[in-house]
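As stored in protein-v4.cif (mmCIF, C-alpha atoms and all ligand atoms):
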```
data_model
#
loop_
_atom_site.label_atom_id
_atom_site.label_comp_id
_atom_site.auth_asym_id
_atom_site.auth_seq_id
_atom_site.Cartn_x
_atom_site.Cartn_y
_atom_site.Cartn_z
CA GLU A 1 0.00 0.00 0.00
CA THR A 2 2.93 2.37 0.66
CA GLY A 3 3.52 2.56 -3.08
CA MET A 4 0.25 4.43 -3.44
CA PHE A 5 1.44 7.69 -1.98
CA THR A 6 4.60 9.77 -1.58
CA TYR A 7 6.50 10.06 1.66
CA ASP A 8 7.20 13.76 2.24
CA PRO A 9 7.74 14.67 5.91
CA GLY A 10 7.45 18.42 6.42
CA PHE A 11 5.81 18.69 2.97
CA THR A 12 8.99 19.94 1.31
CA SER A 13 7.77 18.94 -2.13
CA THR A 14 4.00 18.69 -1.84
CA ALA A 15 1.59 21.26 -3.27
CA SER A 16 -1.53 20.99 -1.12
CA CYS A 17 -3.80 23.26 -3.16
CA ASP A 18 -4.29 25.59 -6.12
CA SER A 19 -4.07 29.25 -5.20
CA SER A 20 -4.11 32.55 -7.08
CA ILE A 21 -3.33 34.77 -4.09
CA THR A 22 0.44 34.78 -3.53
CA PHE A 23 3.45 33.87 -5.68
CA ILE A 24 6.97 33.28 -4.35
CA ASP A 25 10.12 32.66 -6.38
CA GLY A 26 12.44 31.51 -3.63
CA ASP A 27 15.58 31.41 -5.76
CA GLU A 28 15.18 34.96 -6.98
CA GLY A 29 13.75 36.36 -3.73
CA VAL A 30 10.50 37.50 -5.33
CA LEU A 31 7.16 37.84 -3.54
CA MET A 32 3.97 38.98 -5.27
CA HIS A 33 0.35 39.21 -4.17
CA ARG A 34 -2.14 38.84 -7.03
CA GLY A 35 0.70 39.77 -9.39
CA TYR A 36 1.88 42.90 -7.54
CA LYS A 37 5.40 42.98 -6.12
CA ILE A 38 5.63 43.26 -2.34
CA GLU A 39 8.04 46.22 -2.66
CA ASP A 40 5.40 48.19 -4.62
CA LEU A 41 2.60 47.27 -2.25
CA ALA A 42 4.69 48.18 0.81
CA SER A 43 5.71 51.57 -0.54
CA LYS A 44 2.59 52.65 -2.45
CA CYS A 45 -0.42 51.08 -0.71
CA THR A 46 -2.15 51.14 2.62
CA PHE A 47 -2.79 47.91 4.51
CA MET A 48 -6.52 48.27 3.81
CA GLU A 49 -5.83 48.31 0.05
CA VAL A 50 -3.69 45.18 0.42
CA CYS A 51 -6.44 43.48 2.45
CA TYR A 52 -8.93 44.26 -0.31
CA LEU A 53 -6.48 42.98 -2.92
CA LEU A 54 -5.91 39.68 -1.11
CA LEU A 55 -9.63 39.12 -0.54
CA HIS A 56 -11.00 40.30 -3.89
CA GLY A 57 -8.13 39.80 -6.34
CA GLU A 58 -7.92 43.43 -7.49
CA LEU A 59 -6.73 46.69 -6.00
CA PRO A 60 -9.78 48.73 -4.97
CA THR A 61 -11.02 51.90 -6.65
CA ALA A 62 -11.40 54.88 -4.29
CA GLU A 63 -15.09 54.08 -3.97
CA GLN A 64 -14.52 50.37 -3.27
CA LEU A 65 -11.89 51.25 -0.69
CA ALA A 66 -14.22 53.68 1.10
CA LYS A 67 -16.92 51.00 1.25
CA PHE A 68 -14.43 48.36 2.47
CA ASP A 69 -13.09 50.76 5.09
CA HIS A 70 -16.63 51.33 6.29
CA ASP A 71 -17.35 47.58 6.42
CA ILE A 72 -14.23 47.01 8.53
CA THR A 73 -14.66 49.91 10.95
CA TYR A 74 -18.28 48.83 11.48
CA HIS A 75 -16.93 45.71 13.26
CA THR A 76 -14.00 47.06 15.31
CA MET A 77 -15.76 46.80 18.70
CA LEU A 78 -15.59 43.64 20.77
CA HIS A 79 -18.69 42.37 22.54
CA GLU A 80 -18.58 43.96 26.00
CA GLN A 81 -18.88 40.53 27.59
CA MET A 82 -15.44 39.76 26.15
CA VAL A 83 -14.02 41.92 28.94
CA ASN A 84 -14.95 39.12 31.35
CA PHE A 85 -13.19 36.63 29.15
CA TYR A 86 -9.94 38.63 29.38
CA ARG A 87 -10.28 38.94 33.12
CA GLY A 88 -10.27 35.15 33.38
CA PHE A 89 -6.65 34.97 32.25
CA ARG A 90 -3.70 35.21 34.62
CA ARG A 91 -2.48 38.76 34.31
CA ASP A 92 1.01 37.61 33.32
CA SER A 93 -0.31 35.37 30.53
CA HIS A 94 1.64 35.45 27.30
CA PRO A 95 -0.44 37.62 24.95
CA MET A 96 -0.30 34.88 22.27
CA ALA A 97 -2.07 32.54 24.71
CA ILE A 98 -4.77 35.19 25.12
CA MET A 99 -5.01 35.56 21.32
CA VAL A 100 -5.59 31.84 20.79
CA GLY A 101 -8.33 31.84 23.42
CA VAL A 102 -10.10 35.08 22.55
CA VAL A 103 -10.13 34.53 18.79
CA GLY A 104 -11.44 31.00 19.29
CA ALA A 105 -14.11 32.43 21.61
CA LEU A 106 -15.42 34.68 18.83
CA SER A 107 -17.10 31.54 17.50
CA ALA A 108 -19.26 31.55 20.62
CA PHE A 109 -20.18 35.23 20.20
CA TYR A 110 -21.02 35.55 16.50
CA HIS A 111 -23.40 32.74 15.59
CA ASP A 112 -24.73 34.85 12.74
CA SER A 113 -21.49 34.50 10.76
CA THR A 114 -20.57 30.87 11.16
CA ASP A 115 -22.62 29.20 8.42
CA ILE A 116 -19.80 28.71 5.93
CA THR A 117 -22.17 27.70 3.13
CA ASP A 118 -23.62 31.22 3.04
CA PRO A 119 -21.42 33.71 1.09
CA TYR A 120 -22.82 36.65 3.05
CA GLN A 121 -21.97 35.05 6.39
CA ARG A 122 -18.50 34.21 5.11
CA MET A 123 -17.98 37.85 4.18
CA VAL A 124 -19.16 39.07 7.59
CA ALA A 125 -16.79 36.60 9.28
CA GLN A 126 -13.90 37.95 7.13
CA HIS A 127 -14.73 41.52 8.08
CA ARG A 128 -15.18 40.70 11.75
CA LEU A 129 -11.83 38.94 11.99
CA ILE A 130 -9.87 41.69 10.24
CA ALA A 131 -11.68 44.43 12.17
CA LYS A 132 -11.48 42.90 15.64
CA MET A 133 -7.93 41.63 15.57
CA PRO A 134 -6.32 45.01 16.48
CA THR A 135 -8.78 45.40 19.35
CA ILE A 136 -8.11 41.86 20.59
CA ALA A 137 -4.33 42.35 20.32
CA ALA A 138 -4.27 45.76 22.00
CA TRP A 139 -6.45 44.48 24.83
CA ALA A 140 -4.15 41.49 25.37
CA TYR A 141 -1.37 44.03 25.91
CA LYS A 142 -3.40 46.37 28.11
CA TYR A 143 -4.47 43.46 30.28
CA SER A 144 -0.87 42.32 30.74
CA ILE A 145 0.24 45.74 32.01
CA GLY A 146 -2.87 46.40 34.09
CA GLN A 147 -4.12 49.40 32.13
CA PRO A 148 -7.75 49.99 31.15
CA PHE A 149 -8.88 48.73 27.76
CA MET A 150 -9.08 51.49 25.16
CA TYR A 151 -12.01 51.34 22.73
CA PRO A 152 -11.50 51.52 18.97
CA ARG A 153 -11.70 54.91 17.28
CA ASN A 154 -13.15 54.70 13.81
CA ASP A 155 -11.97 58.20 12.81
CA LEU A 156 -8.42 56.80 12.75
CA ASN A 157 -7.01 54.48 10.10
CA TYR A 158 -6.30 50.82 10.83
CA ALA A 159 -2.70 51.24 12.04
CA GLU A 160 -3.38 54.51 13.87
CA ASN A 161 -6.33 52.99 15.68
CA PHE A 162 -4.23 50.01 16.75
CA LEU A 163 -1.46 52.28 18.10
CA GLN A 164 -4.08 54.34 19.91
CA MET A 165 -5.66 51.30 21.59
CA THR A 166 -2.20 50.02 22.54
CA PHE A 167 -0.46 53.13 23.80
CA ALA A 168 -3.13 55.65 24.79
CA VAL A 169 -4.36 55.96 28.38
CA PRO A 170 -7.58 57.75 29.41
CA ALA A 171 -5.74 60.26 31.60
CA GLU A 172 -3.62 61.69 28.82
CA ASP A 173 -4.07 63.13 25.37
CA TYR A 174 -2.55 60.74 22.85
CA LYS A 175 -1.42 61.88 19.41
CA VAL A 176 -0.46 59.20 16.90
CA ASN A 177 2.93 59.85 15.32
CA PRO A 178 2.26 59.66 11.55
CA VAL A 179 5.74 58.27 10.77
CA LEU A 180 5.22 55.44 13.24
CA ALA A 181 1.68 54.80 12.00
CA ARG A 182 2.97 54.51 8.44
CA ALA A 183 5.73 52.13 9.60
CA MET A 184 3.14 50.05 11.48
CA ASP A 185 0.96 49.92 8.38
CA ARG A 186 3.96 48.79 6.30
CA ILE A 187 4.81 46.05 8.82
CA PHE A 188 1.21 44.82 8.48
CA ILE A 189 1.55 44.78 4.68
CA LEU A 190 4.82 42.83 4.84
CA HIS A 191 3.19 40.13 6.99
CA ALA A 192 -0.19 39.97 5.25
CA ASP A 193 0.21 36.67 3.40
CA HIS A 194 2.86 34.14 2.43
CA GLU A 195 1.22 31.27 0.54
CA GLN A 196 1.17 27.83 2.23
CA ASN A 197 3.33 28.46 5.34
CA ALA A 198 2.67 26.38 8.47
CA SER A 199 -0.04 28.57 10.00
CA THR A 200 -1.89 29.10 6.70
CA SER A 201 -1.78 25.37 6.00
CA THR A 202 -3.12 24.85 9.52
CA VAL A 203 -6.04 27.19 8.83
CA ARG A 204 -6.77 25.39 5.57
CA ILE A 205 -6.57 21.94 7.17
CA ALA A 206 -8.78 23.00 10.07
CA GLY A 207 -11.22 24.60 7.63
CA SER A 208 -11.25 21.65 5.25
CA SER A 209 -13.54 19.77 7.63
CA GLY A 210 -16.07 22.61 7.47
CA ALA A 211 -15.12 23.96 10.91
CA ASN A 212 -16.14 27.35 12.24
CA PRO A 213 -14.01 30.14 10.71
CA PHE A 214 -13.12 31.81 14.02
CA ALA A 215 -11.92 28.48 15.43
CA CYS A 216 -9.86 27.89 12.25
CA ILE A 217 -8.08 31.23 12.66
CA ALA A 218 -7.39 30.39 16.32
CA ALA A 219 -5.70 27.22 15.06
CA GLY A 220 -3.57 29.36 12.73
CA ILE A 221 -2.54 31.59 15.62
CA ALA A 222 -1.46 28.52 17.60
CA SER A 223 0.73 27.34 14.74
CA LEU A 224 2.24 30.78 14.19
CA TRP A 225 3.34 30.99 17.82
CA GLY A 226 6.26 28.56 17.47
CA PRO A 227 9.82 29.93 17.31
CA ALA A 228 10.49 28.25 13.94
CA HIS A 229 7.59 30.30 12.48
CA GLY A 230 6.11 33.62 13.68
CA GLY A 231 7.65 33.30 17.11
CA ALA A 232 11.03 33.93 15.50
CA ASN A 233 10.66 37.73 15.73
CA GLU A 234 10.52 37.46 19.52
CA ALA A 235 13.39 34.94 19.49
CA VAL A 236 15.56 37.26 17.34
CA LEU A 237 15.42 40.02 19.89
CA GLN A 238 16.16 37.65 22.74
CA MET A 239 19.11 36.31 20.73
CA LEU A 240 20.48 39.80 20.02
CA GLN A 241 20.19 40.68 23.70
CA GLU A 242 21.97 37.47 24.63
CA ILE A 243 24.80 38.13 22.15
CA GLY A 244 25.02 41.61 23.63
CA HIS A 245 28.21 42.78 21.91
CA LYS A 246 29.63 42.41 18.43
CA ASP A 247 32.75 40.74 19.78
CA ARG A 248 30.61 37.76 20.73
CA ILE A 249 29.08 37.29 17.25
CA PRO A 250 31.69 34.72 16.05
CA GLU A 251 30.97 32.56 19.08
CA PHE A 252 27.24 32.46 18.24
CA ILE A 253 27.91 31.88 14.53
CA LYS A 254 30.04 28.92 15.54
CA ARG A 255 27.24 27.58 17.73
CA ALA A 256 24.66 27.98 14.93
CA LYS A 257 26.84 25.82 12.66
CA ASP A 258 27.36 23.10 15.26
CA LYS A 259 25.02 20.15 14.62
CA ASP A 260 25.20 19.09 18.28
CA ASP A 261 24.14 22.51 19.53
CA PRO A 262 20.39 23.22 19.24
CA PHE A 263 21.07 26.96 18.78
CA ARG A 264 20.09 28.34 15.36
CA LEU A 265 20.47 31.86 14.09
CA MET A 266 16.96 33.21 14.60
CA GLY A 267 15.57 35.24 11.71
CA PHE A 268 17.80 33.34 9.30
CA GLY A 269 16.89 30.67 6.75
CA HIS A 270 13.63 29.86 5.05
CA ARG A 271 11.93 26.85 3.53
CA VAL A 272 11.22 28.67 0.26
CA TYR A 273 13.69 31.56 0.02
CA LYS A 274 17.18 30.53 -1.00
CA ASN A 275 17.97 34.20 -1.47
CA TYR A 276 17.31 37.39 0.50
CA ASP A 277 13.69 37.52 1.71
CA PRO A 278 12.40 40.65 -0.10
CA ARG A 279 10.40 41.57 3.01
CA ALA A 280 13.57 41.68 5.12
CA LYS A 281 15.02 44.34 2.79
CA VAL A 282 11.98 46.59 3.15
CA MET A 283 11.98 45.92 6.88
CA GLN A 284 15.61 46.96 7.24
CA GLN A 285 14.90 50.23 5.45
CA SER A 286 11.83 50.85 7.63
CA CYS A 287 13.98 50.15 10.64
CA HIS A 288 16.30 53.04 9.76
CA GLU A 289 13.34 55.38 9.17
CA VAL A 290 11.71 54.57 12.48
CA LEU A 291 14.92 54.83 14.49
CA ASP A 292 15.70 58.19 12.83
CA GLU A 293 12.23 59.45 13.68
CA LEU A 294 12.59 58.38 17.31
CA GLY A 295 16.11 59.81 17.61
CA LYS A 296 17.45 56.30 18.18
CA ARG A 297 19.76 56.18 15.18
CA ASP A 298 22.52 54.73 17.30
CA GLU A 299 20.38 51.91 18.66
CA PRO A 300 23.02 49.29 19.55
CA LEU A 301 20.74 46.35 18.67
CA LEU A 302 20.43 47.56 15.08
CA ALA A 303 24.19 47.90 14.73
CA LEU A 304 24.56 44.44 16.24
CA ALA A 305 21.96 42.93 13.88
CA MET A 306 23.63 44.47 10.82
CA GLU A 307 27.02 43.19 11.89
CA LEU A 308 25.60 39.73 12.56
CA GLU A 309 24.01 39.74 9.11
CA ARG A 310 27.28 40.83 7.48
CA ILE A 311 29.34 38.15 9.18
CA ALA A 312 26.78 35.39 8.49
CA LEU A 313 26.46 36.30 4.81
CA GLU A 314 30.25 36.08 4.43
CA ASP A 315 30.37 32.68 6.11
CA ASP A 316 30.70 29.55 3.93
CA TYR A 317 28.19 27.54 5.97
CA PHE A 318 25.40 30.10 5.45
CA ALA A 319 26.36 30.58 1.79
CA GLU A 320 26.33 26.83 1.04
CA LYS A 321 23.00 26.28 2.75
CA LYS A 322 21.64 29.50 1.22
CA LEU A 323 20.58 30.95 4.57
CA PHE A 324 19.57 34.61 4.39
CA PRO A 325 17.74 36.98 6.74
CA ASN A 326 13.96 36.42 6.70
CA VAL A 327 11.05 38.74 7.53
CA ASP A 328 11.57 38.27 11.27
CA PHE A 329 15.18 39.41 11.40
CA TYR A 330 14.65 43.19 11.51
CA SER A 331 11.01 43.52 12.56
CA GLY A 332 11.68 43.08 16.28
CA ILE A 333 14.12 45.99 16.37
CA ILE A 334 11.50 48.36 14.92
CA LEU A 335 8.77 47.05 17.19
CA GLN A 336 10.92 47.41 20.27
CA ALA A 337 11.87 50.95 19.30
CA MET A 338 8.16 51.74 18.89
CA GLY A 339 7.58 50.64 22.48
CA PHE A 340 6.22 47.11 22.09
CA PRO A 341 7.44 44.48 24.56
CA THR A 342 8.94 41.36 22.92
CA SER A 343 5.94 39.27 23.98
CA MET A 344 3.77 41.33 21.59
CA PHE A 345 5.88 40.77 18.46
CA THR A 346 4.23 37.53 17.37
CA VAL A 347 0.83 39.01 18.23
CA LEU A 348 1.48 41.73 15.65
CA PHE A 349 2.41 39.07 13.11
CA ALA A 350 -0.88 37.26 13.84
CA LEU A 351 -2.84 40.49 13.54
CA ALA A 352 -1.38 41.21 10.10
CA ARG A 353 -1.52 37.59 8.86
CA THR A 354 -5.24 37.32 9.67
CA VAL A 355 -6.19 38.73 6.27
CA GLY A 356 -4.01 36.13 4.55
CA TRP A 357 -5.52 33.31 6.59
CA VAL A 358 -9.02 34.56 5.87
CA ALA A 359 -8.34 35.00 2.14
CA GLN A 360 -6.84 31.50 1.87
CA TRP A 361 -9.66 29.95 3.90
CA THR A 362 -12.23 31.62 1.63
CA GLU A 363 -10.40 30.53 -1.52
CA MET A 364 -10.51 26.95 -0.25
CA ILE A 365 -14.19 27.01 0.75
CA GLU A 366 -15.13 28.51 -2.61
CA ASP A 367 -13.14 25.91 -4.57
CA PRO A 368 -15.77 23.37 -5.66
CA GLY A 369 -13.10 20.66 -5.78
CA HIS A 370 -11.89 21.04 -2.20
CA ARG A 371 -11.88 17.95 0.00
CA ILE A 372 -11.03 17.31 3.61
CA SER A 373 -7.24 17.33 4.19
CA ARG A 374 -6.17 13.88 5.15
CA PRO A 375 -2.45 13.03 4.76
CA ARG A 376 -1.34 9.39 4.90
CA GLN A 377 1.56 7.92 6.90
CA LEU A 378 4.21 5.23 6.83
CA TYR A 379 3.29 2.95 9.74
CA THR A 380 6.34 1.96 11.81
CA GLY A 381 4.65 0.22 14.75
CA TYR A 382 4.03 -3.45 15.63
CA THR A 383 2.40 -5.88 13.29
CA GLU A 384 -0.49 -7.87 14.77
CA ARG A 385 0.14 -9.19 18.30
CA GLU A 386 -1.72 -11.58 20.52
CA PHE A 387 -3.71 -9.84 23.26
CA VAL A 388 -2.38 -10.37 26.82
CA PRO A 389 -4.84 -10.08 29.76
CA ILE A 390 -3.81 -7.62 32.48
CA ASP A 391 -2.88 -10.32 35.06
CA ARG A 392 -0.36 -11.80 32.65
CA ARG A 393 1.43 -8.57 31.52
C1 LIG B 1 8.54 32.50 9.04
O1 LIG B 1 7.13 29.40 5.50
C2 LIG B 1 6.90 30.67 5.55
O2 LIG B 1 6.54 31.28 4.57
C3 LIG B 1 7.10 31.29 6.90
C4 LIG B 1 7.13 32.83 6.97
C5 LIG B 1 5.76 33.44 6.69
O3 LIG B 1 5.71 34.61 6.29
O4 LIG B 1 4.76 32.78 6.96
O5 LIG B 1 8.06 33.37 6.07
C6 LIG B 1 7.47 33.31 8.40
O6 LIG B 1 8.22 31.54 9.69
C7 LIG B 1 10.01 32.88 8.84
C8 LIG B 1 10.98 31.87 9.45
C9 LIG B 1 11.23 32.21 10.89
N1 LIG B 1 12.08 31.22 11.57
C10 LIG B 1 13.34 31.44 11.94
O7 LIG B 1 13.93 32.48 11.65
C11 LIG B 1 13.95 30.36 12.78
C12 LIG B 1 15.35 29.98 12.28
N2 LIG B 1 15.25 29.35 11.00
C13 LIG B 1 15.12 27.97 10.90
O8 LIG B 1 14.80 27.19 11.97
C14 LIG B 1 14.79 27.37 9.52
O9 LIG B 1 15.62 27.98 8.58
C15 LIG B 1 13.31 27.39 9.06
C16 LIG B 1 12.38 26.81 10.10
C17 LIG B 1 12.88 28.83 8.74
C18 LIG B 1 13.21 26.55 7.75
O10 LIG B 1 13.32 25.20 8.02
P1 LIG B 1 13.53 24.07 6.92
O11 LIG B 1 13.08 24.52 5.60
O12 LIG B 1 12.97 22.81 7.46
O13 LIG B 1 15.11 23.94 6.81
P2 LIG B 1 16.08 23.13 7.75
O14 LIG B 1 15.79 23.48 9.15
O15 LIG B 1 16.01 21.69 7.37
O16 LIG B 1 17.47 23.76 7.33
C19 LIG B 1 18.27 23.26 6.26
C20 LIG B 1 19.70 23.27 6.72
C21 LIG B 1 19.88 22.43 7.99
O17 LIG B 1 21.22 21.95 7.97
P3 LIG B 1 21.50 20.44 7.41
O18 LIG B 1 20.71 19.50 8.31
O19 LIG B 1 21.00 20.40 6.00
O20 LIG B 1 22.97 20.28 7.56
O21 LIG B 1 20.12 24.60 7.09
C22 LIG B 1 20.41 24.65 8.48
C23 LIG B 1 19.76 23.41 9.10
O22 LIG B 1 20.42 23.01 10.28
N3 LIG B 1 19.78 25.86 9.03
C24 LIG B 1 20.33 26.70 9.89
C25 LIG B 1 19.38 27.73 10.09
N4 LIG B 1 18.29 27.49 9.34
C26 LIG B 1 18.54 26.34 8.69
N5 LIG B 1 21.50 26.69 10.52
C27 LIG B 1 21.76 27.71 11.37
N6 LIG B 1 20.90 28.74 11.60
C28 LIG B 1 19.71 28.75 10.97
N7 LIG B 1 18.83 29.73 11.20
#
```
Write-out of the structure in structure tokens:
Amino acid sequence: ETGMFTYDPGFTSTASCDSSITFIDGDEGVLMHRGYKIEDLASKCTFMEVCYLLLHGELPTAEQLAKFDHDITYHTMLHEQMVNFYRGFRRDSHPMAIMVGVVGALSAFYHDSTDITDPYQRMVAQHRLIAKMPTIAAWAYKYSIGQPFMYPRNDLNYAENFLQMTFAVPAEDYKVNPVLARAMDRIFILHADHEQNASTSTVRIAGSSGANPFACIAAGIASLWGPAHGGANEAVLQMLQEIGHKDRIPEFIKRAKDKDDPFRLMGFGHRVYKNYDPRAKVMQQSCHEVLDELGKRDEPLLALAMELERIALEDDYFAEKKLFPNVDFYSGIILQAMGFPTSMFTVLFALARTVGWVAQWTEMIEDPGHRISRPRQLYTGYTEREFVPIDRR
């Protein structure tokens, strides 16, 4: 029977679906959404335009964008009862743990958008997820530092509103810095989708059984959390702090190359990119802009990261294995400079990736040929054995 299917652990050479959303050429370091290069989208679009593009296949006209913006802002509030749900968590909970729980709980709050056979309900679920994610994320942060939850403000754009809910406090007047809001928006664009990565595949597999969309996205968040995936941005910053000084870089490079040492250079390497991740380039440039704006041009972690990158790229091991910086390498430095604690980094990734998950989930549901995902295995256990009663074992 084993001859009937291919053995492909980690799915290194298995295409699990058709998709017209995202294209990657890993050898050339090219990433495109619906045919548009990520560099163009990051520099010329807003995140809302990119969301529309991923969901609908085309960039919106001004009128379509205004309507979409309205549809999203209409859903930015969380049900007030959700406050109780937050209060049930330990106050030092990792915000990703809160994300998994709260997003999954949306399925219990919004019964009117869980019939996946109804296109209208699917659309409402898409809008709700994209709209509520900044509120959910900001509240996870507020809860962890013991500050009151800030409500969404629909007069602000998506990134501005998120910054407001995260950093504003009722006692003080908060003005969003437009340079930081633009950088935040760009970070969201850079994370919006990335074809069949682990978390997106998780969402598709969960959804392939016809499961509730909110629960499927919670599954995606769980998968993203790991340090080999979205958790790498948090791990990069911890690694840079541990390295501490550029004199210690060679020691860590040596450890990363040692097969017997579990340490790997976080933010380096990628299953698909065997060249520079195009998102990492944009991220590095954004990093300079943000640090300039904040008067932190001499941020030692940035200098350390750039030196680490330089040394790794000149090293034979990294060259032979084609290991380059990925999207997570520089993002943490910007986020830290903006005032986010490391525990929020992966939350921001999840927030931005939600549109990709939702777009891919919808594409799958609307594909008339889709079937439940059900991989096979190579069985390595016992062959048939004779049963032994408990008194004779
Ligand atoms: C994301 O898939 C996506 O699209 C994901 C993502 C998205 O947008 O959704 O792009 C987001 O998850 C980015 C990746 C974040 N993770 C990290 O930065 C963690 C560090 N990187 C690695 O653990 C690793 O490179 C992965 C997980 C990213 C990729 O794993 P693969 O494809 O299974 O490759 P591998 O681990 O088998 O590596 C191949 C070789 C191995 O050596 P050999 O056994 O062949 O001798 O390269 C070595 C690895 O040991 N290697 C590294 C390394 N990454 C790979 N060696 C040192 N440092 C590293 N970072």
Got a sec: who's within 7 Å of Val290 in chain A, counting only C-alpha atoms, leaving out chain neighbours fewer than 4 positions off, as number ranges by chain? A: 180, 286, 294, 334
Please report as a Markdown table every residue of chain A lying within 8 Å of ligand LIG 1 (chain B), along with the nearest atom pair and their distance in Å (one decimal), using only C-alpha atoms and all ligand atoms.
```
| residue | atom | partner | partner_atom | distance |
| --- | --- | --- | --- | --- |
| A:Gly10 | CA | B:LIG1 | O12 | 7.1 |
| A:Thr12 | CA | B:LIG1 | O11 | 7.5 |
| A:His191 | CA | B:LIG1 | O3 | 6.1 |
| A:Asp193 | CA | B:LIG1 | O3 | 6.5 |
| A:His194 | CA | B:LIG1 | O3 | 4.8 |
| A:Glu195 | CA | B:LIG1 | O2 | 6.7 |
| A:Gln196 | CA | B:LIG1 | O2 | 6.8 |
| A:Asn197 | CA | B:LIG1 | O1 | 3.9 |
| A:Ala198 | CA | B:LIG1 | O1 | 6.2 |
| A:Ser199 | CA | B:LIG1 | O4 | 7.1 |
| A:Thr200 | CA | B:LIG1 | O4 | 7.6 |
| A:Leu224 | CA | B:LIG1 | O6 | 7.5 |
| A:Pro227 | CA | B:LIG1 | C11 | 6.1 |
| A:Ala228 | CA | B:LIG1 | N1 | 4.1 |
| A:His229 | CA | B:LIG1 | O6 | 3.1 |
| A:Gly230 | CA | B:LIG1 | O6 | 5.0 |
| A:Gly231 | CA | B:LIG1 | C9 | 7.3 |
| A:Ala232 | CA | B:LIG1 | N1 | 4.9 |
| A:Asn233 | CA | B:LIG1 | C9 | 7.4 |
| A:Val236 | CA | B:LIG1 | O7 | 7.6 |
| A:Ala256 | CA | B:LIG1 | C27 | 4.6 |
| A:Lys257 | CA | B:LIG1 | C27 | 5.6 |
| A:Lys259 | CA | B:LIG1 | O22 | 6.9 |
| A:Phe263 | CA | B:LIG1 | N6 | 7.4 |
| A:Arg264 | CA | B:LIG1 | N6 | 3.9 |
| A:Leu265 | CA | B:LIG1 | N7 | 3.9 |
| A:Met266 | CA | B:LIG1 | C12 | 4.3 |
| A:Gly267 | CA | B:LIG1 | O7 | 3.2 |
| A:Phe268 | CA | B:LIG1 | N7 | 4.2 |
| A:Gly269 | CA | B:LIG1 | O9 | 3.5 |
| A:His270 | CA | B:LIG1 | C17 | 3.9 |
| A:Arg271 | CA | B:LIG1 | O11 | 3.3 |
| A:Val272 | CA | B:LIG1 | O1 | 6.7 |
| A:Phe318 | CA | B:LIG1 | N5 | 7.2 |
| A:Lys321 | CA | B:LIG1 | O21 | 5.5 |
| A:Lys322 | CA | B:LIG1 | O21 | 7.8 |
| A:Leu323 | CA | B:LIG1 | N4 | 6.3 |
| A:Pro325 | CA | B:LIG1 | O7 | 7.7 |
| A:Asn326 | CA | B:LIG1 | C7 | 5.7 |
| A:Val327 | CA | B:LIG1 | C7 | 6.1 |
| A:Asp328 | CA | B:LIG1 | C9 | 6.1 |
| A:Phe329 | CA | B:LIG1 | O7 | 7.0 |
```
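Ranking A:Ala125, A:Leu78, A:Leu304, A:Leu53 by their shortest atom-to-atom distance to Glu242 in chain A, with all atoms listed in the file included, puts A:Leu304 first.
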What does the structure give for the distance between CA of Arg374 in chain A and CA of Ala215 in chain A, in Å to one decimal? 18.8 Å
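Note that CA of Arg310 in chain A and CA of Ile243 in chain A are 15.1 Å apart.
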Within 8 Å of range 343-367 of chain A, which residues of range 33-56 of chain A come that close, and what is the closest atom pair and distance in Å for each? Count all atoms listed in the file and give it as a tab-separated table.
```
residue	atom	partner	partner_atom	distance
A:Cys51	CA	A:Val355	CA	6.1
A:Leu54	CA	A:Ala359	CA	6.2
A:Leu55	CA	A:Ala359	CA	5.1
```
Selected residue, from A:Arg182, A:Ile72, A:Asp155, A:Pro119, that lies nearest to Met133 in chain A when counting all atoms listed in the file: A:Ile72
Which protein, DNA or RNA residues are at most 8 Å from (12.2, 45.3, 6.2) in the file's coordinates when you count all atoms listed in the file, listed as a CSV table (one decimal) with C-alpha atoms, keeping the file's coordinate frame?
```csv
chain,number,residue,atom,x,y,z
A,187,ILE,CA,4.8,46.0,8.8
A,190,LEU,CA,4.8,42.8,4.8
A,278,PRO,CA,12.4,40.6,-0.1
A,279,ARG,CA,10.4,41.6,3.0
A,280,ALA,CA,13.6,41.7,5.1
A,281,LYS,CA,15.0,44.3,2.8
A,282,VAL,CA,12.0,46.6,3.2
A,283,MET,CA,12.0,45.9,6.9
A,284,GLN,CA,15.6,47.0,7.2
A,285,GLN,CA,14.9,50.2,5.4
A,286,SER,CA,11.8,50.8,7.6
A,287,CYS,CA,14.0,50.2,10.6
A,327,VAL,CA,11.0,38.7,7.5
A,330,TYR,CA,14.6,43.2,11.5
A,331,SER,CA,11.0,43.5,12.6
```
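Going from CA of Thr73 in chain A over to CA of Phe149 in chain A, you cover 17.8 Å.
Nearest-residue note for Pro213 in chain A: choosing from A:Val103, A:Met338, A:Ala131, A:Ile249, the minimum distance belongs to A:Val103, counting all atoms listed in the file.
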I need every residue sitting at most 10 Å from the point (-11.4, 26.5, 13.6) (coordinates as in the file, all atoms listed in the file considered), written as JSON, numbers by chain. {"A": [103, 104, 107, 202, 203, 204, 205, 206, 207, 208, 209, 210, 211, 212, 213, 214, 215, 216, 217, 218, 219, 220]}
Tell me, as a PyMOL selection string, which residues lie within 7 Å of range 136-140 of chain A, counting all atoms listed in the file; anything in the same chain fewer than 6 positions away does not count. chain A and resi 95+98-99+149+162+165-166+347
Of the candidates A:Thr135, A:Gln164, A:Gln336, A:Thr6, which shows the shortest atom-to-atom distance to Arg376 in chain A, using all atoms listed in the file? A:Thr6
